[in-house]
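Student: Provided herewith: work_6.cif, mmCIF, C-alpha atoms.
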```cif
data_my_file
#
loop_
_atom_site.group_PDB
_atom_site.id
_atom_site.type_symbol
_atom_site.label_atom_id
_atom_site.label_comp_id
_atom_site.auth_asym_id
_atom_site.auth_seq_id
_atom_site.Cartn_x
_atom_site.Cartn_y
_atom_site.Cartn_z
ATOM 1 C CA MET A 1 0.000 0.000 0.000
ATOM 2 C CA PHE A 2 1.200 3.508 -0.688
ATOM 3 C CA ALA A 3 -0.111 7.036 -0.235
ATOM 4 C CA THR A 4 -0.008 10.073 -2.505
ATOM 5 C CA LYS A 5 -0.588 13.717 -1.710
ATOM 6 C CA VAL A 6 -2.406 16.177 -3.926
ATOM 7 C CA THR A 7 -1.523 19.660 -2.710
ATOM 8 C CA VAL A 8 -4.114 22.369 -3.281
ATOM 9 C CA GLN A 9 -3.136 26.028 -3.071
ATOM 10 C CA LEU A 10 -5.818 28.677 -2.784
ATOM 11 C CA ARG A 11 -5.276 32.359 -3.294
ATOM 12 C CA ASN A 12 -5.565 34.549 -0.247
ATOM 13 C CA GLY A 13 -9.193 35.498 0.365
ATOM 14 C CA TYR A 14 -10.637 32.447 -1.358
ATOM 15 C CA HIS A 15 -12.143 29.327 0.091
ATOM 16 C CA VAL A 16 -13.578 26.136 -1.342
ATOM 17 C CA ASN A 17 -16.356 24.164 0.237
ATOM 18 C CA SER A 18 -15.027 21.272 2.257
ATOM 19 C CA ASN A 19 -15.779 17.664 1.344
ATOM 20 C CA THR A 20 -18.645 17.827 3.849
ATOM 21 C CA PRO A 21 -20.539 21.112 3.391
ATOM 22 C CA ALA A 22 -23.522 21.555 5.680
ATOM 23 C CA ASP A 23 -25.790 22.926 2.970
ATOM 24 C CA GLU A 24 -26.961 20.296 0.512
ATOM 25 C CA TYR A 25 -26.808 22.773 -2.395
ATOM 26 C CA LEU A 26 -23.150 23.604 -1.902
ATOM 27 C CA ILE A 27 -20.699 21.709 -4.093
ATOM 28 C CA PRO A 28 -18.216 19.671 -2.044
ATOM 29 C CA LEU A 29 -14.529 19.354 -2.803
ATOM 30 C CA ARG A 30 -14.080 15.880 -4.230
ATOM 31 C CA LEU A 31 -11.096 13.944 -5.518
ATOM 32 C CA THR A 32 -11.969 10.821 -7.460
ATOM 33 C CA TRP A 33 -9.706 8.400 -9.300
ATOM 34 C CA ASN A 34 -10.398 6.662 -12.582
ATOM 35 C CA ALA A 35 -10.119 2.898 -12.811
ATOM 36 C CA SER A 36 -6.504 1.751 -12.936
ATOM 37 C CA PRO A 37 -4.395 -1.323 -12.108
ATOM 38 C CA LEU A 38 -4.257 0.025 -8.562
ATOM 39 C CA GLN A 39 -7.120 -0.061 -6.113
ATOM 40 C CA VAL A 40 -8.100 3.073 -4.195
ATOM 41 C CA VAL A 41 -8.216 2.313 -0.480
ATOM 42 C CA ASP A 42 -9.397 5.734 0.653
ATOM 43 C CA VAL A 43 -9.151 9.451 0.061
ATOM 44 C CA ALA A 44 -8.542 11.566 3.164
ATOM 45 C CA TYR A 45 -9.278 15.269 3.305
ATOM 46 C CA PRO A 46 -7.965 17.643 5.960
ATOM 47 C CA LYS A 47 -10.130 18.753 8.828
ATOM 48 C CA PRO A 48 -12.404 21.518 7.526
ATOM 49 C CA ARG A 49 -12.486 24.974 9.042
ATOM 50 C CA LEU A 50 -15.795 26.402 10.158
ATOM 51 C CA GLU A 51 -15.712 30.002 8.978
ATOM 52 C CA ASN A 52 -18.209 32.798 9.414
ATOM 53 C CA TYR A 53 -19.119 34.781 6.334
ATOM 54 C CA SER A 54 -21.526 37.649 5.932
ATOM 55 C CA PHE A 55 -23.577 35.613 3.454
ATOM 56 C CA SER A 56 -24.401 32.848 5.904
ATOM 57 C CA THR A 57 -26.102 32.840 9.267
ATOM 58 C CA LYS A 58 -24.283 29.606 10.123
ATOM 59 C CA PRO A 59 -20.566 28.784 9.959
ATOM 60 C CA VAL A 60 -19.521 27.389 6.600
ATOM 61 C CA SER A 61 -17.370 24.264 6.322
ATOM 62 C CA VAL A 62 -14.443 25.218 4.084
ATOM 63 C CA PHE A 63 -10.817 24.742 3.176
ATOM 64 C CA THR A 64 -8.533 27.749 2.809
ATOM 65 C CA GLY A 65 -4.868 28.359 2.062
ATOM 66 C CA ASP A 66 -2.704 25.354 1.178
ATOM 67 C CA PHE A 67 -3.808 21.856 2.044
ATOM 68 C CA ASP A 68 -3.216 18.235 1.092
ATOM 69 C CA ILE A 69 -5.580 15.510 0.027
ATOM 70 C CA VAL A 70 -4.086 12.099 0.728
ATOM 71 C CA SER A 71 -5.075 9.089 -1.360
ATOM 72 C CA ARG A 72 -4.058 5.568 -0.431
ATOM 73 C CA PHE A 73 -3.754 2.834 -3.046
ATOM 74 C CA LYS A 74 -2.899 -0.817 -3.040
ATOM 75 C CA ALA A 75 -1.776 -3.115 -5.808
ATOM 76 C CA PRO A 76 -3.821 -6.300 -6.136
ATOM 77 C CA PRO A 77 -1.667 -9.428 -6.468
ATOM 78 C CA ASN A 78 -2.481 -9.815 -10.150
ATOM 79 C CA SER A 79 -1.876 -6.169 -11.117
ATOM 80 C CA PRO A 80 0.422 -5.736 -14.133
ATOM 81 C CA GLN A 81 3.896 -4.534 -13.314
ATOM 82 C CA GLY A 82 5.608 -1.553 -14.884
ATOM 83 C CA PRO A 83 4.857 2.116 -15.419
ATOM 84 C CA SER A 84 1.312 3.443 -15.240
ATOM 85 C CA VAL A 85 -0.463 6.743 -14.745
ATOM 86 C CA LEU A 86 -3.184 7.285 -12.183
ATOM 87 C CA VAL A 87 -5.737 9.782 -13.432
ATOM 88 C CA GLY A 88 -8.036 11.588 -11.072
ATOM 89 C CA LYS A 89 -10.499 14.442 -11.093
ATOM 90 C CA LEU A 90 -10.590 17.217 -8.560
ATOM 91 C CA ARG A 91 -13.977 18.923 -8.390
ATOM 92 C CA TYR A 92 -14.187 22.195 -6.497
ATOM 93 C CA GLN A 93 -16.140 25.394 -6.199
ATOM 94 C CA ALA A 94 -14.433 28.511 -4.901
ATOM 95 C CA CYS A 95 -15.775 31.711 -3.350
ATOM 96 C CA THR A 96 -14.594 34.833 -1.621
ATOM 97 C CA ALA A 97 -16.553 36.383 1.225
ATOM 98 C CA THR A 98 -18.846 38.088 -1.287
ATOM 99 C CA ALA A 99 -18.857 36.199 -4.586
ATOM 100 C CA CYS A 100 -18.429 32.762 -6.095
ATOM 101 C CA LEU A 101 -16.801 31.303 -9.153
ATOM 102 C CA ALA A 102 -18.368 28.539 -11.208
ATOM 103 C CA PRO A 103 -17.539 24.980 -10.156
ATOM 104 C CA LYS A 104 -14.611 23.416 -11.943
ATOM 105 C CA THR A 105 -13.124 19.997 -12.468
ATOM 106 C CA VAL A 106 -9.391 19.658 -13.051
ATOM 107 C CA GLU A 107 -7.529 16.524 -14.028
ATOM 108 C CA VAL A 108 -4.843 15.131 -11.765
ATOM 109 C CA ARG A 109 -2.212 12.796 -13.289
ATOM 110 C CA LEU A 110 0.160 10.774 -11.172
ATOM 111 C CA PRO A 111 2.864 8.591 -12.799
ATOM 112 C CA VAL A 112 3.548 5.390 -10.849
ATOM 113 C CA HIS A 113 5.735 2.348 -11.327
ATOM 114 C CA ILE A 114 4.195 -0.925 -10.140
ATOM 115 C CA GLN A 115 6.690 -3.575 -9.126
ATOM 116 C CA MET B 1 -8.554 31.202 -11.142
ATOM 117 C CA ALA B 2 -10.307 34.428 -12.039
ATOM 118 C CA LYS B 3 -10.328 37.132 -9.429
ATOM 119 C CA THR B 4 -13.601 37.936 -7.759
ATOM 120 C CA SER B 5 -14.679 40.501 -5.199
ATOM 121 C CA ALA B 6 -17.689 42.724 -4.672
ATOM 122 C CA THR B 7 -17.676 45.620 -7.097
ATOM 123 C CA SER B 8 -20.355 48.016 -8.211
ATOM 124 C CA GLY B 9 -20.748 50.411 -11.076
ATOM 125 C CA LYS B 10 -23.333 53.037 -11.840
ATOM 126 C CA ALA B 11 -23.966 54.917 -15.045
ATOM 127 C CA THR B 12 -25.370 58.414 -15.236
ATOM 128 C CA THR B 13 -28.691 58.634 -17.035
ATOM 129 C CA GLU B 14 -27.022 59.910 -20.202
ATOM 130 C CA ASP B 15 -24.348 57.218 -20.210
ATOM 131 C CA ARG B 16 -26.565 54.204 -19.755
ATOM 132 C CA LYS B 17 -26.161 51.459 -22.323
ATOM 133 C CA PRO B 18 -29.040 49.330 -23.573
ATOM 134 C CA ALA B 19 -29.393 46.042 -21.684
ATOM 135 C CA PRO B 20 -28.693 43.257 -24.194
ATOM 136 C CA GLU B 21 -31.836 41.504 -25.319
ATOM 137 C CA PHE B 22 -32.277 37.807 -24.540
ATOM 138 C CA SER B 23 -34.925 35.124 -24.537
ATOM 139 C CA LEU B 24 -34.774 32.345 -21.960
ATOM 140 C CA LYS B 25 -37.134 29.675 -20.670
ATOM 141 C CA ASP B 26 -38.832 29.787 -17.320
ATOM 142 C CA GLY B 27 -39.659 26.729 -15.223
ATOM 143 C CA ASP B 28 -42.894 26.156 -17.115
ATOM 144 C CA GLY B 29 -41.119 26.124 -20.455
ATOM 145 C CA ARG B 30 -42.367 29.555 -21.467
ATOM 146 C CA THR B 31 -40.004 31.804 -23.367
ATOM 147 C CA VAL B 32 -39.401 35.069 -21.582
ATOM 148 C CA SER B 33 -37.774 38.034 -23.296
ATOM 149 C CA LEU B 34 -36.248 41.026 -21.630
ATOM 150 C CA ALA B 35 -38.097 43.176 -24.175
ATOM 151 C CA GLY B 36 -41.285 42.046 -22.513
ATOM 152 C CA TYR B 37 -40.284 44.029 -19.435
ATOM 153 C CA ARG B 38 -39.776 47.349 -21.214
ATOM 154 C CA GLY B 39 -41.456 50.031 -19.145
ATOM 155 C CA LYS B 40 -40.499 48.366 -15.878
ATOM 156 C CA VAL B 41 -37.507 48.716 -13.633
ATOM 157 C CA VAL B 42 -35.855 45.275 -13.658
ATOM 158 C CA LEU B 43 -33.392 43.712 -11.272
ATOM 159 C CA LEU B 44 -31.657 41.124 -13.448
ATOM 160 C CA ASN B 45 -29.869 38.733 -11.112
ATOM 161 C CA PHE B 46 -27.469 36.022 -12.312
ATOM 162 C CA TRP B 47 -27.217 33.399 -9.602
ATOM 163 C CA ALA B 48 -26.834 29.675 -8.873
ATOM 164 C CA THR B 49 -28.025 27.252 -6.223
ATOM 165 C CA TRP B 50 -24.420 26.498 -5.150
ATOM 166 C CA CYS B 51 -23.640 30.168 -4.544
ATOM 167 C CA GLY B 52 -23.931 31.132 -0.875
ATOM 168 C CA PRO B 53 -23.971 34.901 -1.423
ATOM 169 C CA CYS B 54 -26.682 34.428 -4.072
ATOM 170 C CA LYS B 55 -28.827 32.492 -1.627
ATOM 171 C CA PHE B 56 -28.380 35.218 0.962
ATOM 172 C CA GLU B 57 -29.834 37.824 -1.412
ATOM 173 C CA ILE B 58 -32.950 35.885 -2.338
ATOM 174 C CA PRO B 59 -35.056 36.981 0.670
ATOM 175 C CA TRP B 60 -34.221 40.603 -0.197
ATOM 176 C CA PHE B 61 -35.290 40.116 -3.789
ATOM 177 C CA LYS B 62 -38.534 38.460 -2.677
ATOM 178 C CA GLU B 63 -39.219 41.503 -0.551
ATOM 179 C CA PHE B 64 -38.430 43.875 -3.420
ATOM 180 C CA GLU B 65 -40.738 41.949 -5.741
ATOM 181 C CA GLN B 66 -43.508 42.111 -3.191
ATOM 182 C CA ASN B 67 -43.036 45.766 -2.244
ATOM 183 C CA TYR B 68 -42.365 47.324 -5.622
ATOM 184 C CA LYS B 69 -44.171 45.210 -8.210
ATOM 185 C CA ASP B 70 -47.226 47.484 -8.224
ATOM 186 C CA ARG B 71 -44.993 50.415 -9.060
ATOM 187 C CA GLY B 72 -43.584 48.809 -12.180
ATOM 188 C CA PHE B 73 -40.740 46.703 -10.864
ATOM 189 C CA ALA B 74 -39.747 43.090 -11.408
ATOM 190 C CA VAL B 75 -36.951 40.768 -10.428
ATOM 191 C CA LEU B 76 -35.659 38.328 -13.044
ATOM 192 C CA GLY B 77 -33.451 35.583 -11.660
ATOM 193 C CA VAL B 78 -31.238 33.883 -14.245
ATOM 194 C CA SER B 79 -29.893 30.603 -12.943
ATOM 195 C CA MET B 80 -26.440 29.538 -14.121
ATOM 196 C CA ASP B 81 -26.750 26.007 -12.723
ATOM 197 C CA GLU B 82 -25.298 23.506 -15.191
ATOM 198 C CA GLU B 83 -27.625 20.807 -13.859
ATOM 199 C CA GLY B 84 -30.664 22.815 -14.949
ATOM 200 C CA TRP B 85 -34.164 22.664 -13.560
ATOM 201 C CA ASP B 86 -33.566 19.391 -11.706
ATOM 202 C CA VAL B 87 -31.664 21.327 -9.062
ATOM 203 C CA VAL B 88 -33.227 24.739 -9.531
ATOM 204 C CA LYS B 89 -36.887 23.838 -9.141
ATOM 205 C CA PRO B 90 -36.563 22.214 -5.689
ATOM 206 C CA PHE B 91 -34.370 25.087 -4.527
ATOM 207 C CA VAL B 92 -36.829 27.725 -5.731
ATOM 208 C CA ALA B 93 -39.701 25.861 -4.112
ATOM 209 C CA GLU B 94 -37.832 25.496 -0.835
ATOM 210 C CA LEU B 95 -37.028 29.199 -0.691
ATOM 211 C CA GLN B 96 -40.534 30.131 -1.896
ATOM 212 C CA VAL B 97 -39.178 32.443 -4.541
ATOM 213 C CA ASN B 98 -41.941 34.773 -5.699
ATOM 214 C CA TYR B 99 -40.245 36.213 -8.786
ATOM 215 C CA ARG B 100 -39.600 34.763 -12.186
ATOM 216 C CA ILE B 101 -36.655 32.402 -12.560
ATOM 217 C CA LEU B 102 -35.124 31.690 -15.963
ATOM 218 C CA MET B 103 -32.532 29.137 -16.996
ATOM 219 C CA GLY B 104 -29.430 30.937 -18.180
ATOM 220 C CA ASP B 105 -26.919 29.921 -20.793
ATOM 221 C CA ASP B 106 -23.422 30.920 -21.854
ATOM 222 C CA THR B 107 -24.715 33.032 -24.718
ATOM 223 C CA THR B 108 -26.747 35.227 -22.399
ATOM 224 C CA ALA B 109 -23.917 35.399 -19.875
ATOM 225 C CA GLN B 110 -21.544 36.568 -22.614
ATOM 226 C CA LEU B 111 -23.964 39.324 -23.569
ATOM 227 C CA TYR B 112 -23.625 40.595 -20.008
ATOM 228 C CA GLY B 113 -19.851 40.538 -19.863
ATOM 229 C CA GLY B 114 -19.286 36.869 -19.143
ATOM 230 C CA VAL B 115 -20.718 36.810 -15.614
ATOM 231 C CA ASN B 116 -17.604 35.147 -14.196
ATOM 232 C CA SER B 117 -18.639 35.767 -10.598
ATOM 233 C CA LEU B 118 -21.955 35.190 -8.909
ATOM 234 C CA PRO B 119 -24.058 36.906 -7.866
ATOM 235 C CA THR B 120 -23.960 39.489 -10.613
ATOM 236 C CA SER B 121 -26.939 41.814 -10.792
ATOM 237 C CA PHE B 122 -27.968 44.550 -13.197
ATOM 238 C CA LEU B 123 -30.524 47.221 -12.468
ATOM 239 C CA ILE B 124 -32.272 48.130 -15.691
ATOM 240 C CA ASP B 125 -34.319 51.302 -16.040
ATOM 241 C CA ARG B 126 -37.781 51.621 -17.564
ATOM 242 C CA GLU B 127 -36.257 52.217 -20.975
ATOM 243 C CA GLY B 128 -34.256 49.018 -20.951
ATOM 244 C CA ARG B 129 -30.905 50.587 -20.137
ATOM 245 C CA ILE B 130 -28.387 49.377 -17.571
ATOM 246 C CA ALA B 131 -28.340 51.814 -14.674
ATOM 247 C CA SER B 132 -25.951 49.873 -12.455
ATOM 248 C CA VAL B 133 -24.189 46.572 -11.999
ATOM 249 C CA HIS B 134 -23.185 44.806 -8.819
ATOM 250 C CA VAL B 135 -20.725 41.918 -8.827
ATOM 251 C CA GLY B 136 -20.809 40.053 -5.547
ATOM 252 C CA LEU B 137 -22.828 40.599 -2.443
ATOM 253 C CA VAL B 138 -23.648 44.234 -1.709
ATOM 254 C CA GLY B 139 -25.956 45.746 0.865
ATOM 255 C CA LYS B 140 -29.701 45.408 0.700
ATOM 256 C CA GLY B 141 -29.991 49.164 1.208
ATOM 257 C CA ASP B 142 -27.888 49.815 -1.897
ATOM 258 C CA TYR B 143 -30.447 47.988 -4.006
ATOM 259 C CA GLU B 144 -33.386 49.667 -2.296
ATOM 260 C CA ASP B 145 -31.977 53.144 -2.869
ATOM 261 C CA GLU B 146 -31.357 52.451 -6.523
ATOM 262 C CA ILE B 147 -34.727 50.843 -7.111
ATOM 263 C CA GLU B 148 -36.506 53.766 -5.464
ATOM 264 C CA ARG B 149 -34.519 56.219 -7.543
ATOM 265 C CA LEU B 150 -35.234 54.397 -10.786
ATOM 266 C CA LEU B 151 -38.921 54.024 -9.991
ATOM 267 C CA ALA B 152 -39.185 57.714 -9.176
ATOM 268 C CA ALA B 153 -37.408 58.845 -12.337
ATOM 269 C CA PRO B 154 -39.708 60.133 -15.054
ATOM 270 C CA ALA B 155 -39.739 58.226 -18.295
ATOM 271 C CA SER B 156 -37.795 59.982 -21.029
ATOM 272 C CA GLY B 157 -39.510 61.827 -23.861
ATOM 273 C CA SER B 158 -38.772 59.115 -26.378
ATOM 274 C CA PHE B 159 -40.320 56.488 -24.174
ATOM 275 C CA ARG B 160 -43.484 58.530 -23.606
ATOM 276 C CA ARG B 161 -43.847 59.423 -27.253
ATOM 277 C CA ALA B 162 -43.284 55.955 -28.546
ATOM 278 C CA GLY B 163 -45.558 54.379 -25.998
ATOM 279 C CA VAL B 164 -43.761 51.077 -26.398
ATOM 280 C CA GLY B 165 -44.025 50.058 -22.796
ATOM 281 C CA MET B 166 -47.537 48.896 -22.259
ATOM 282 C CA PRO B 167 -48.079 46.376 -25.083
ATOM 283 C CA ALA B 168 -44.613 44.899 -24.580
ATOM 284 C CA PHE B 169 -44.733 44.276 -20.892
ATOM 285 C CA ALA B 170 -48.309 43.111 -21.035
ATOM 286 C CA LEU B 171 -47.027 40.237 -23.150
ATOM 287 C CA GLY B 172 -44.050 39.090 -21.154
ATOM 288 C CA ALA B 173 -43.983 40.375 -17.628
ATOM 289 C CA LYS B 174 -45.079 38.345 -14.674
#
```
Is it possible to express this structure as structure tokens?
Tutor:
Amino acid sequence: MFATKVTVQLRNGYHVNSNTPADEYLIPLRLTWNASPLQVVDVAYPKPRLENYSFSTKPVSVFTGDFDIVSRFKAPPNSPQGPSVLVGKLRYQACTATACLAPKTVEVRLPVHIQ
Amino acid sequence: MAKTSATSGKATTEDRKPAPEFSLKDGDGRTVSLAGYRGKVVLLNFWATWCGPCKFEIPWFKEFEQNYKDRGFAVLGVSMDEEGWDVVKPFVAELQVNYRILMGDDTTAQLYGGVNSLPTSFLIDREGRIASVHVGLVGKGDYEDEIERLLAAPASGSFRRAGVGMPAFALGAK
């Protein structure tokens, strides 16, 4: 089993919803991995911050600044050996204290060597 | 990532530009044109269900619709939700939105400068010209002051002479 880190860097003043927003309409941060020779064990997000913003009467569960998302993988016994690329998608939706940007999905590519 | 923060702009009466015309569908599938609101003061609000600041403004806009509609005012909410009515209809029902909601598209957003940040709202005068724009959450009082001012302003000579308001907004306005 091995772990990989995807580091996210947000500009000062911005936040993204955490992976567990309280409001059902908010778009959570989500890292998903496409099918590959490796099996995803889990994806761990940092502990969200509960921030107060003028647009919400309740604290909002967010990530700010720089943070890591840690994915753990394992290689099944019959997985082919050699180089491979893990491809994932990071879905996020960013806001400032007063305005929001449209949700986006960016591709994450991680070269690995299975042996 | 594009930069976003609350900004506002106002145009003097002489400098106002025509609000770009568009036709979009409402939740009942009816086509609604901005031209149908000529003669009214319109708050054109681009928003989305996933936008916290947009959600915060909705109770204000409901109040404006209720308080000013008899004086020739209307709110038009243009949703920019990619998932469409499947997410917008339950949201609108839950918040008991009392003004007309339309489903936006990229073409309409481009007509209004791209609408990269939400909420983005335009106040349009009775002659279909953009009086002000607000990008991001601004104060409720800012909207109220502007709406009152636009409602109190006399229609221009060309509008009175042409008399284009009544037939047009009788067709399209809620």
Student: Any chance you could work out the residue set of the PyMOL selection byres ((chain A) within 7 of (chain B)) here, as a list in words?
Tutor: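 Written out, the selection comes to Tyr25, Leu26, Ile27, Phe55, Ser56, Thr96, Thr98, Ala99, Cys100 and Leu101 of chain A.
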Student: For this structure, which residues satisfy the selection - the PyMOL selection byres ((chain A and resi 30) around 9) - when it is evaluated on the file as given? I want them as a list in words.
Tutor: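 Checked against the file, the PyMOL selection byres ((chain A and resi 30) around 9) matches Ser18, Asn19, Ile27, Pro28, Leu29, Leu31, Thr32, Tyr45, Lys89, Leu90, Arg91 and Tyr92 of chain A.
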Student: With distances taken over all atoms listed in the file, which of B:Ala152, B:Ala93, B:Leu102, B:Leu43 is nearest to Ala19 of chain B?
Tutor: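 Among B:Ala152, B:Ala93, B:Leu102, B:Leu43, it is B:Leu43 that comes nearest to Ala19 of chain B.
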Student: List the residues sitting within 9 Å of (-42.1, 47.5, -11.1) in the file's frame, using all atoms listed in the file, as a list of chain:residue names.
Tutor: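 Applying the cut-off with all atoms listed in the file, one gets B:Gly39, B:Lys40, B:Val41, B:Val42, B:Glu65, B:Tyr68, B:Lys69, B:Asp70, B:Arg71, B:Gly72, B:Phe73, B:Ala74, B:Val75, B:Arg126, B:Leu151.
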Student: Evaluate the PyMOL selection byres ((chain B and resi 11) around 12) and record the selected residues as a list in words, following the chain and residue labels used in the document.
Tutor: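 Checked against the file, the PyMOL selection byres ((chain B and resi 11) around 12) matches Ser8, Gly9, Lys10, Thr12, Thr13, Glu14, Asp15, Arg16, Lys17, Pro18, Phe122, Leu123, Ile124, Asp125, Arg129, Ile130, Ala131, Ser132, Val133, His134 and Glu146 of chain B.
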Student: With 5 Å on each side, where is the centre of the axis-aligned box around all listed atoms of segment 46-53 of chain A, and how long are its edges in Å to one decimal, as JSON?
Tutor:
```
{"center_x": -13.5, "center_y": 26.2, "center_z": 8.1, "size_x": 21.2, "size_y": 27.1, "size_z": 14.2}
```
Student: Which neighbours of Leu86 of chain A fall inside 8 Å, counting only C-alpha atoms, when residues of the same chain fewer than 2 positions from it are skipped, and could you give them as a tab-separated table (two decimals) with C-alpha atoms, in the frame of the given file?
Tutor:
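Result file selection_6.tsv:
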```
chain	number	residue	atom	x	y	z
A	33	TRP	CA	-9.71	8.40	-9.30
A	34	ASN	CA	-10.40	6.66	-12.58
A	36	SER	CA	-6.50	1.75	-12.94
A	84	SER	CA	1.31	3.44	-15.24
A	88	GLY	CA	-8.04	11.59	-11.07
A	109	ARG	CA	-2.21	12.80	-13.29
A	110	LEU	CA	0.16	10.77	-11.17
A	111	PRO	CA	2.86	8.59	-12.80
A	112	VAL	CA	3.55	5.39	-10.85
```
Student: Grab the atom CA of Tyr112 of chain B to atom CA of Gln93 of chain A distance for me, in Å with one decimal place.
Tutor: 21.9 Å
Student: What is the distance between atom CA of Leu10 of chain A and atom CA of Ala44 of chain A, in Å to one decimal?
Tutor: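 Value for the atom CA of Leu10 of chain A-atom CA of Ala44 of chain A distance: 18.3 Å.
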Student: Compare A:Thr20, A:Ser79, A:Leu38, A:Arg72 by their minimum atom-to-atom distance to Leu50 of chain A, counting only C-alpha atoms, and give me the closest one.
Tutor: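 Closest residue, counting only C-alpha atoms: A:Thr20.
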Student: May I ask which of the residues A:Lys104, A:His113, A:Arg49, A:Lys5 is the closest one to Gly65 of chain A, counting all atoms listed in the file?
Tutor: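 Of A:Lys104, A:His113, A:Arg49, A:Lys5, the one nearest Gly65 of chain A, counting all atoms listed in the file, is A:Arg49.
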Student: List as a list in words the protein and nucleic acid residues near Phe63 of chain A, meaning an atom at most 8 Å away when only C-alpha atoms are counted, but skip any in the same chain fewer than 3 places from it.
Tutor: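 Contacts, in chain order: His15, Val16, Asn17, Ser18, Pro48, Arg49 and Phe67 of chain A.
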Student: Identify, on the basis of only C-alpha atoms, every residue whose closest approach to segment 29-31 of chain B does not exceed 10 Å; exclude the query and any residue fewer than 3 positions from it along the same chain; express the result as a PyMOL selection string.
Tutor: chain B and resi 22-26+102-103+172
Student: Which one of A:Asn12, A:Pro103, A:Val108, A:Pro21 sits closest to Val60 of chain A if you count only C-alpha atoms?
Tutor: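 Among the listed residues, A:Pro21 lies closest to Val60 of chain A.
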Student: In Å, rounded to a single decimal, give me how far atom CA of Gly104 of chain B is from atom CA of Tyr14 of chain A.
Tutor: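 Atom-to-atom, atom CA of Tyr14 of chain A and atom CA of Gly104 of chain B are spaced 25.3 Å apart.
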Student: For segment 99-113 of chain B, supply N, CA and C atoms and format the output as a compact mmCIF listing (two decimals), in the frame of the given file.
Tutor:
```txt
# COMPACT_ATOMS: atom_id res chain seq x y z
N TYR B 99 -40.50 35.52 -7.52
CA TYR B 99 -40.24 36.21 -8.79
C TYR B 99 -39.85 35.20 -9.85
N ARG B 100 -39.81 35.69 -11.08
CA ARG B 100 -39.60 34.76 -12.19
C ARG B 100 -38.14 34.31 -12.27
N ILE B 101 -37.99 33.00 -12.42
CA ILE B 101 -36.66 32.40 -12.56
C ILE B 101 -36.53 31.87 -13.99
N LEU B 102 -35.41 32.16 -14.61
CA LEU B 102 -35.12 31.69 -15.96
C LEU B 102 -33.86 30.85 -15.94
N MET B 103 -33.75 29.95 -16.91
CA MET B 103 -32.53 29.14 -17.00
C MET B 103 -31.54 29.82 -17.93
N GLY B 104 -30.41 30.20 -17.39
CA GLY B 104 -29.43 30.94 -18.18
C GLY B 104 -28.60 30.04 -19.08
N ASP B 105 -27.85 30.66 -19.94
CA ASP B 105 -26.92 29.92 -20.79
C ASP B 105 -25.69 30.80 -21.04
N ASP B 106 -24.68 30.20 -21.64
CA ASP B 106 -23.42 30.92 -21.85
C ASP B 106 -23.61 32.11 -22.78
N THR B 107 -24.50 31.95 -23.76
CA THR B 107 -24.72 33.03 -24.72
C THR B 107 -25.22 34.28 -24.01
N THR B 108 -26.20 34.09 -23.13
CA THR B 108 -26.75 35.23 -22.40
C THR B 108 -25.70 35.81 -21.45
N ALA B 109 -24.95 34.92 -20.79
CA ALA B 109 -23.92 35.40 -19.88
C ALA B 109 -22.89 36.24 -20.63
N GLN B 110 -22.52 35.80 -21.83
CA GLN B 110 -21.54 36.57 -22.61
C GLN B 110 -22.07 37.95 -22.98
N LEU B 111 -23.36 38.02 -23.25
CA LEU B 111 -23.96 39.32 -23.57
C LEU B 111 -23.81 40.31 -22.41
N TYR B 112 -23.73 39.75 -21.20
CA TYR B 112 -23.62 40.60 -20.01
C TYR B 112 -22.21 40.58 -19.42
N GLY B 113 -21.25 40.39 -20.29
CA GLY B 113 -19.85 40.54 -19.86
C GLY B 113 -19.21 39.27 -19.36
```
